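Enquirer: Quick one: the structure is below, and I'll ask about it shortly.
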Amino acid sequence: MLEINGLTASIGDKAILKGIDLSVPAGEIHAIMGPNGSGKSTLGYVLAGREDYTVTGGTVTFEGHDMLTMAPEARAAAGLFLAFQAPIELPGVNNANFIRTALNAVRRAHGESELDAVQFLKLARAELKRLAMPDDMLRRNVNVGFSGGEKKRNEVLQMTLLRPRFAVLDETDSGLDIDALKIVADGVNALRGPAFSALVITHHQRLLDHLVPNRVHVLAGGRIVRSGGPELAKELEKNGYGALLAEAA
Amino acid sequence: MNAITETGTAGFLARYAASLGQLPGDSTLRAAAADAFHTLGLPGASRGRRAEAWKYTTLQPLGDLSFGSSGSSRDDILPDAASIPREAAARIVFSGGRYREDLSTSVPGFACFADQPDFGELSWPDRDPMVALNTMLAEDGAILTIPPGHDAGTVFLIHYGFEGISAHPRHMIRLGNGARLTLVEMSHGEGCYLHNPVSEIHVADGAVLTHVRTQTESTAAFHLATIYAAIAAGGTYDSFTLNIGGRIARTEIHTVLDGPGAIVHLNGAQLLTGSQHADFTSVVRHAAPKGTSRQTIKNVLAGRSRGVFQGRIEVARGAQGTDGYQMNRALLLSPDAEIDTKPELEIFADDVKCSHGATVGELDAEQLFYLRSRGIPDSEARSILVRAFLAEALDPVTNDTARGLLEDAVARWWEGQAA
């Protein structure tokens, strides 16, 4: 579904991704782990098309299409979703209007009819209920005055409503308690199926207990230095990155 | 009929000379104002040094035009019905600068300047050229007096301008101790004209005046408004100005916090496009202890438009415990738009909290990316962010009627931009 080959990217003069090779087949969930500053978030941003990162080499193919030439909104319409590590506040923008506008933009791109406010609210309320989130989440301005946990849950709500084919979750579990962590995992598990894949960037084994990945990759210094099965996450939790990085060096 | 063909300063002086002895009120005061106007001239239109107060705004284009007098002989011209909102149950309507009883309703405490001229005591015709011009030529205006302890509800003051006239209305608003009033002042019209109102406002002890001003003049018109307000102990002057119309528009507000614990809010939004120019100039003088002043002006500038904010806070020696704040924010929607900000603080007391700030920017790149990453096309994402900025700009207005009018005006402006 997603093929990354020799991807290099920089911000300003600083090279951050130094040759990423990664293949995520349809229906699989892959985890990316690694020390701070290794380029995990940059990878998420580059996949979503953030313009302040410059791709200096390599290719990213999403379901056969060259994704690097697509605008961020075209990537979203094609089925990509990035859950932000630090979701952005939008003062003056109502959350329900925001999510409905996004959903309708994606529906339009697929030639589907738009949802009116009533149809959308029905859908959104059902989703909130399933994710055990309060209704007032929709009435507030986007992420304004939200706690850290509420912001992360709002990302999950957007994701489950937009129903992407490929989700990148950038430390969506950070700073969450066990209950909130379970909401995030439930959100991803709800989308799980043969046509859905995800890249889960995390520091913790905890999320991976609820969200058993097919593969775990360790990103360090802008490269994937090791890949393995779910047991690799457990090994890292036990031994830390030190031994592994020394071995890779 | 008026036969003035001279333009600019000379044209206005000729009109004064032609109307000698026919204008209401103190003729000595008018003569002094005419002398001052002759000396000062239209800012930027006459030779000599431009006053610091008019640093960013020139009336040169106004100086090239000639205008007839106000619309006393033009009773046939009726404002567009849409310009008198349904909500305006209590309304004082002026067309071409003249009071129109047929379009107004009975408002307790109202009198016409033409019948009861009152120039007040706060204005400085010797220093402010447009005030000198107004004092020289004022024919009519609203004199509104709210007795102590009385809640006068919401009153609309509506001005309608039309092609070729210059109107110099003179308004006087007096609130007695503990009185309350929401004054919604609307200025609009069609064609090229000059609207040069001077208002004097007295808020007595514990009184509250909410003053909401929507300026949606014709984009060929000149709107030059000067307001003097004096706020006594525990009184509140809460004003909001929306500047949308006008070729050149200037709002100059002088407030004095005269008694302890007075509160002044001078908030506003300027939405400009094309080659429009709008200037918001304020002087807030804290003359007594424990006063609070708040000013937040938000500008949305498209095309080649130019926004100006000049804000001055003065804190007198005895005004301890003063709390002053001013902020000018600008969102530039085009590389050719311009904002000029000049904050000034002049503080002679030592126990004072005063701050000012300014932000200028384009749309926030992170916010834009967040919206686009959700599939929202770039142009739609920009529209969402501008509308959000505009919605926020109206936040200080809590009166539902006024808020609704402002929101409608802003929505119409944005539709015009998007079209």
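Ordered as shown in the structure tokens, chains take letters A, B, and onward, while each chain numbers its residues from 1 and ligands are numbered from 1 in the order shown.
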Can you pull out the residues contacting Asn299 (chain B)? Cut-off 9 Å, using only C-alpha atoms, and skip same-chain residues under 6 positions away; I want them as a tab-separated table (two decimals) with N, CA, C and O atoms, in the first residue's frame.
Expert:
```
chain	number	residue	atom	x	y	z
B	268	GLY	N	-12.17	47.65	17.85
B	268	GLY	CA	-12.61	47.85	16.48
B	268	GLY	C	-12.05	46.84	15.51
B	268	GLY	O	-11.14	46.07	15.84
B	269	ALA	N	-12.62	46.86	14.32
B	269	ALA	CA	-12.13	46.03	13.23
B	269	ALA	C	-12.18	46.85	11.95
B	269	ALA	O	-13.12	47.60	11.73
B	270	GLN	N	-11.13	46.72	11.16
B	270	GLN	CA	-11.09	47.41	9.87
B	270	GLN	C	-10.90	46.36	8.78
B	270	GLN	O	-9.91	45.63	8.79
B	271	LEU	N	-11.86	46.30	7.86
B	271	LEU	CA	-11.79	45.34	6.76
B	271	LEU	C	-11.72	46.13	5.47
B	271	LEU	O	-12.67	46.80	5.10
B	272	LEU	N	-10.58	46.06	4.82
B	272	LEU	CA	-10.36	46.94	3.67
B	272	LEU	C	-9.93	46.16	2.45
B	272	LEU	O	-9.32	45.10	2.54
B	307	GLY	N	-4.13	50.11	6.28
B	307	GLY	CA	-4.73	50.33	7.59
B	307	GLY	C	-3.75	51.07	8.48
B	307	GLY	O	-2.54	50.88	8.37
B	308	VAL	N	-4.29	51.95	9.32
B	308	VAL	CA	-3.45	52.72	10.24
B	308	VAL	C	-4.02	52.60	11.64
B	308	VAL	O	-5.23	52.67	11.83
B	328	ASN	N	-2.86	46.02	18.42
B	328	ASN	CA	-3.27	46.16	17.03
B	328	ASN	C	-2.85	44.92	16.26
B	328	ASN	O	-1.67	44.59	16.22
B	329	ARG	N	-3.82	44.22	15.73
B	329	ARG	CA	-3.50	43.00	14.97
B	329	ARG	C	-3.90	43.17	13.52
B	329	ARG	O	-4.95	43.72	13.23
B	330	ALA	N	-3.04	42.70	12.64
B	330	ALA	CA	-3.35	42.83	11.22
B	330	ALA	C	-3.11	41.52	10.50
B	330	ALA	O	-2.10	40.84	10.72
B	331	LEU	N	-4.04	41.18	9.66
B	331	LEU	CA	-3.92	40.03	8.79
B	331	LEU	C	-3.85	40.55	7.37
B	331	LEU	O	-4.79	41.19	6.89
B	332	LEU	N	-2.71	40.36	6.72
B	332	LEU	CA	-2.53	40.87	5.37
B	332	LEU	C	-2.87	39.77	4.37
B	332	LEU	O	-2.23	38.72	4.36
B	339	ILE	N	0.02	47.92	6.70
B	339	ILE	CA	-0.49	48.38	7.99
B	339	ILE	C	0.58	49.24	8.65
B	339	ILE	O	1.77	48.93	8.58
B	390	LEU	N	-12.04	37.10	11.62
B	390	LEU	CA	-13.09	38.12	11.64
B	390	LEU	C	-14.06	37.88	12.79
B	390	LEU	O	-14.46	38.81	13.49
B	393	ALA	N	-12.69	39.02	15.90
B	393	ALA	CA	-12.58	40.47	16.02
B	393	ALA	C	-13.83	41.06	16.65
B	393	ALA	O	-13.79	42.12	17.27
```
Enquirer: Per residue of chain A within 8 Å of chain B, which atom pair is closest and at what distance in Å (one decimal), using only C-alpha atoms, listed by chain and increasing number, as CSV?
Expert:
```
residue,atom,partner,partner_atom,distance
A:Ala48,CA,B:Ser373,CA,6.5
A:Gly49,CA,B:Ser373,CA,7.8
A:Arg50,CA,B:Phe369,CA,6.6
A:Pro72,CA,B:Ser373,CA,5.2
A:Glu73,CA,B:Gly375,CA,4.0
A:Ala74,CA,B:Gly375,CA,6.6
A:Arg75,CA,B:Gly375,CA,7.4
A:Ala76,CA,B:Gly375,CA,4.7
A:Ala77,CA,B:Gly375,CA,5.5
A:Phe81,CA,B:Arg374,CA,7.1
A:Leu82,CA,B:Ser373,CA,7.2
A:Ile88,CA,B:Gln367,CA,6.3
A:Glu89,CA,B:Gln367,CA,7.5
A:Leu90,CA,B:Gln367,CA,6.8
A:Pro91,CA,B:Ala388,CA,6.7
A:Gly92,CA,B:Ala388,CA,4.4
A:Val93,CA,B:Ala388,CA,5.7
A:Thr101,CA,B:Ile376,CA,7.0
A:Ala102,CA,B:Ile376,CA,5.3
A:Leu103,CA,B:Gly375,CA,7.6
A:Ala105,CA,B:Ile376,CA,5.6
A:Val106,CA,B:Gly375,CA,5.7
```
Enquirer: Those residues you just picked out, can you put them in a file as a compact mmCIF listing (two decimals), in the first residue's frame with all heavy atoms?
Expert:
```txt
# COMPACT_ATOMS: atom_id res chain seq x y z
N ALA A 48 2.66 13.55 4.96
CA ALA A 48 1.42 14.34 4.85
C ALA A 48 1.60 15.56 3.95
O ALA A 48 0.63 16.21 3.61
CB ALA A 48 0.95 14.77 6.24
N GLY A 49 2.85 15.91 3.60
CA GLY A 49 3.07 16.99 2.64
C GLY A 49 3.32 18.35 3.22
O GLY A 49 3.05 19.37 2.58
N ARG A 50 3.86 18.41 4.44
CA ARG A 50 4.13 19.72 5.02
C ARG A 50 5.24 20.41 4.23
O ARG A 50 6.30 19.83 3.97
CB ARG A 50 4.53 19.56 6.48
CG ARG A 50 4.52 20.87 7.20
CD ARG A 50 4.55 20.66 8.69
NE ARG A 50 5.30 21.75 9.29
CZ ARG A 50 5.20 22.09 10.56
NH1 ARG A 50 4.42 21.41 11.37
NH2 ARG A 50 5.90 23.08 11.02
N PRO A 72 -1.12 18.49 0.04
CA PRO A 72 -1.59 17.82 1.26
C PRO A 72 -3.06 17.39 1.17
O PRO A 72 -3.41 16.28 1.58
CB PRO A 72 -1.42 18.90 2.34
CG PRO A 72 -0.35 19.81 1.83
CD PRO A 72 -0.47 19.78 0.33
N GLU A 73 -3.92 18.29 0.60
CA GLU A 73 -5.34 17.94 0.54
C GLU A 73 -5.60 16.78 -0.41
O GLU A 73 -6.51 15.98 -0.20
CB GLU A 73 -6.19 19.16 0.17
CG GLU A 73 -5.81 19.87 -1.13
CD GLU A 73 -4.85 21.04 -0.91
OE1 GLU A 73 -3.95 20.92 -0.05
OE2 GLU A 73 -5.00 22.07 -1.60
N ALA A 74 -4.75 16.67 -1.46
CA ALA A 74 -4.91 15.55 -2.40
C ALA A 74 -4.49 14.24 -1.74
O ALA A 74 -5.10 13.19 -1.97
CB ALA A 74 -4.08 15.80 -3.66
N ARG A 75 -3.48 14.31 -0.88
CA ARG A 75 -3.06 13.10 -0.15
C ARG A 75 -4.17 12.64 0.77
O ARG A 75 -4.45 11.45 0.90
CB ARG A 75 -1.79 13.39 0.66
CG ARG A 75 -0.62 13.78 -0.24
CD ARG A 75 0.65 14.03 0.55
NE ARG A 75 1.61 14.76 -0.29
CZ ARG A 75 2.92 14.79 -0.07
NH1 ARG A 75 3.44 14.14 0.96
NH2 ARG A 75 3.71 15.47 -0.87
N ALA A 76 -4.81 13.63 1.45
CA ALA A 76 -5.91 13.28 2.35
C ALA A 76 -7.06 12.67 1.56
O ALA A 76 -7.66 11.69 1.98
CB ALA A 76 -6.39 14.52 3.11
N ALA A 77 -7.34 13.27 0.40
CA ALA A 77 -8.44 12.74 -0.43
C ALA A 77 -8.12 11.33 -0.91
O ALA A 77 -9.01 10.50 -1.05
CB ALA A 77 -8.70 13.67 -1.61
N PHE A 81 -4.05 9.93 6.38
CA PHE A 81 -4.41 10.75 7.54
C PHE A 81 -3.23 10.80 8.50
O PHE A 81 -2.65 9.78 8.83
CB PHE A 81 -5.62 10.15 8.26
CG PHE A 81 -6.05 10.95 9.47
CD1 PHE A 81 -7.00 11.96 9.33
CD2 PHE A 81 -5.51 10.69 10.72
CE1 PHE A 81 -7.40 12.71 10.44
CE2 PHE A 81 -5.90 11.45 11.83
CZ PHE A 81 -6.85 12.45 11.68
N LEU A 82 -2.87 12.02 8.93
CA LEU A 82 -1.82 12.17 9.94
C LEU A 82 -2.45 12.66 11.24
O LEU A 82 -3.07 13.73 11.27
CB LEU A 82 -0.76 13.19 9.48
CG LEU A 82 0.26 13.64 10.55
CD1 LEU A 82 1.17 12.48 10.97
CD2 LEU A 82 1.11 14.82 10.04
N ILE A 88 -3.18 21.27 16.23
CA ILE A 88 -3.19 22.72 16.10
C ILE A 88 -4.51 23.31 16.59
O ILE A 88 -5.58 22.77 16.31
CB ILE A 88 -2.99 23.11 14.61
CG1 ILE A 88 -1.76 22.40 14.02
CG2 ILE A 88 -2.87 24.62 14.44
CD1 ILE A 88 -0.44 22.75 14.66
N GLU A 89 -4.43 24.43 17.31
CA GLU A 89 -5.64 25.11 17.77
C GLU A 89 -6.15 26.04 16.66
O GLU A 89 -5.37 26.73 16.03
CB GLU A 89 -5.34 25.93 19.03
CG GLU A 89 -4.91 25.06 20.19
CD GLU A 89 -4.71 25.84 21.49
OE1 GLU A 89 -5.04 27.05 21.50
OE2 GLU A 89 -4.24 25.23 22.46
N LEU A 90 -7.45 26.06 16.46
CA LEU A 90 -8.05 26.94 15.46
C LEU A 90 -9.10 27.82 16.14
O LEU A 90 -10.30 27.51 16.11
CB LEU A 90 -8.69 26.13 14.33
CG LEU A 90 -7.81 25.16 13.55
CD1 LEU A 90 -8.63 24.38 12.53
CD2 LEU A 90 -6.68 25.91 12.83
N PRO A 91 -8.69 28.94 16.74
CA PRO A 91 -9.66 29.82 17.41
C PRO A 91 -10.68 30.33 16.39
O PRO A 91 -10.33 30.65 15.26
CB PRO A 91 -8.80 30.98 17.93
CG PRO A 91 -7.39 30.47 17.94
CD PRO A 91 -7.32 29.46 16.83
N GLY A 92 -11.92 30.36 16.80
CA GLY A 92 -12.97 30.88 15.91
C GLY A 92 -13.50 29.86 14.92
O GLY A 92 -14.38 30.17 14.13
N VAL A 93 -12.96 28.62 14.95
CA VAL A 93 -13.46 27.58 14.04
C VAL A 93 -14.13 26.48 14.86
O VAL A 93 -13.49 25.83 15.68
CB VAL A 93 -12.32 26.97 13.19
CG1 VAL A 93 -12.87 25.91 12.23
CG2 VAL A 93 -11.56 28.05 12.43
N THR A 101 -16.57 19.96 7.18
CA THR A 101 -15.95 20.52 5.98
C THR A 101 -14.91 19.57 5.41
O THR A 101 -14.84 19.34 4.20
CB THR A 101 -15.30 21.88 6.30
OG1 THR A 101 -16.29 22.72 6.89
CG2 THR A 101 -14.77 22.56 5.05
N ALA A 102 -14.10 18.98 6.31
CA ALA A 102 -13.07 18.05 5.88
C ALA A 102 -13.70 16.80 5.25
O ALA A 102 -13.30 16.38 4.16
CB ALA A 102 -12.19 17.66 7.08
N LEU A 103 -14.70 16.27 5.94
CA LEU A 103 -15.34 15.05 5.45
C LEU A 103 -15.97 15.31 4.09
O LEU A 103 -15.85 14.50 3.16
CB LEU A 103 -16.40 14.59 6.47
CG LEU A 103 -17.13 13.28 6.18
CD1 LEU A 103 -16.14 12.13 6.00
CD2 LEU A 103 -18.08 12.94 7.32
N ALA A 105 -15.14 17.61 1.92
CA ALA A 105 -14.09 17.84 0.91
C ALA A 105 -13.61 16.49 0.37
O ALA A 105 -13.43 16.31 -0.84
CB ALA A 105 -12.94 18.64 1.50
N VAL A 106 -13.40 15.55 1.28
CA VAL A 106 -12.93 14.23 0.88
C VAL A 106 -14.02 13.50 0.07
O VAL A 106 -13.74 12.87 -0.95
CB VAL A 106 -12.50 13.41 2.12
CG1 VAL A 106 -12.23 11.96 1.74
CG2 VAL A 106 -11.25 14.04 2.75
```
Enquirer: Using only C-alpha atoms, which of B:Ile158, B:Val184, B:Ile231, B:Leu333 sits nearest Gly97 (chain B)?
Expert: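 Checking each candidate against Gly97 (chain B), we get B:Ile158 as the closest.
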Enquirer: So that I can check the surroundings of Ser275 (chain B), please list as a list in words every protein, DNA and RNA residue that reaches within 8 Å of it, counting only C-alpha atoms and ignoring chain neighbours fewer than 2 positions away.
Expert: Arg247, Thr273, His277, Gly303, Arg304, Ser305 and Arg306 of chain B
Enquirer: Can those selected residues be exported to a file as a short mmCIF file (atom, residue, chain, number, x, y, z; two decimals), in the first residue's frame so that it contains N, CA and C atoms?
Expert:
```cif
data_model
loop_
_atom_site.label_atom_id
_atom_site.label_comp_id
_atom_site.auth_asym_id
_atom_site.auth_seq_id
_atom_site.Cartn_x
_atom_site.Cartn_y
_atom_site.Cartn_z
N ARG B 247 -13.55 55.63 0.86
CA ARG B 247 -12.30 55.68 0.10
C ARG B 247 -11.19 56.00 1.10
N THR B 273 -10.22 46.75 1.30
CA THR B 273 -9.83 46.11 0.05
C THR B 273 -9.59 47.20 -1.00
N HIS B 277 -8.34 53.25 2.39
CA HIS B 277 -7.43 53.67 3.45
C HIS B 277 -8.28 53.91 4.70
N GLY B 303 -6.13 43.48 -1.23
CA GLY B 303 -5.81 44.39 -2.34
C GLY B 303 -4.60 45.26 -2.03
N ARG B 304 -4.74 46.55 -2.36
CA ARG B 304 -3.67 47.51 -2.08
C ARG B 304 -4.06 48.41 -0.91
N SER B 305 -4.93 47.92 -0.04
CA SER B 305 -5.48 48.75 1.03
C SER B 305 -4.43 49.04 2.10
N ARG B 306 -4.73 50.06 2.88
CA ARG B 306 -3.80 50.46 3.92
C ARG B 306 -4.57 50.72 5.21
#
```
Enquirer: Could you please determine the separation between CA of Gly111 (chain A) and CA of Glu63 (chain A) in Å, to one decimal place?
Expert: 18.9 Å
Enquirer: Which distance in Å separates CA of Ile4 (chain A) and CA of Gly228 (chain A), to one decimal?
Expert: 17.3 Å
Enquirer: Excluding same-chain residues fewer than 5 positions from Asp209 (chain A), what lies within 10 Å of it counting only C-alpha atoms, as a PyMOL selection string?
Expert: chain A and resi 182+185+204+230+233-234
Enquirer: With distances taken over only C-alpha atoms, which of B:Ile92, B:Val198, B:Val397, B:Ile165 is nearest to Val107 (chain B)?
Expert: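 With only C-alpha atoms as the atom set, the closest residue is B:Ile92.
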Enquirer: Compile the contact shell of region 128-141 of chain A as an MDAnalysis selection string: residues with an atom at most 9 Å away, counting only C-alpha atoms, same-chain residues fewer than 4 positions apart removed.
Expert: chainID A and resid 89:99 121 123:124 145:146 150 153:154 156:157 183:184 186:187
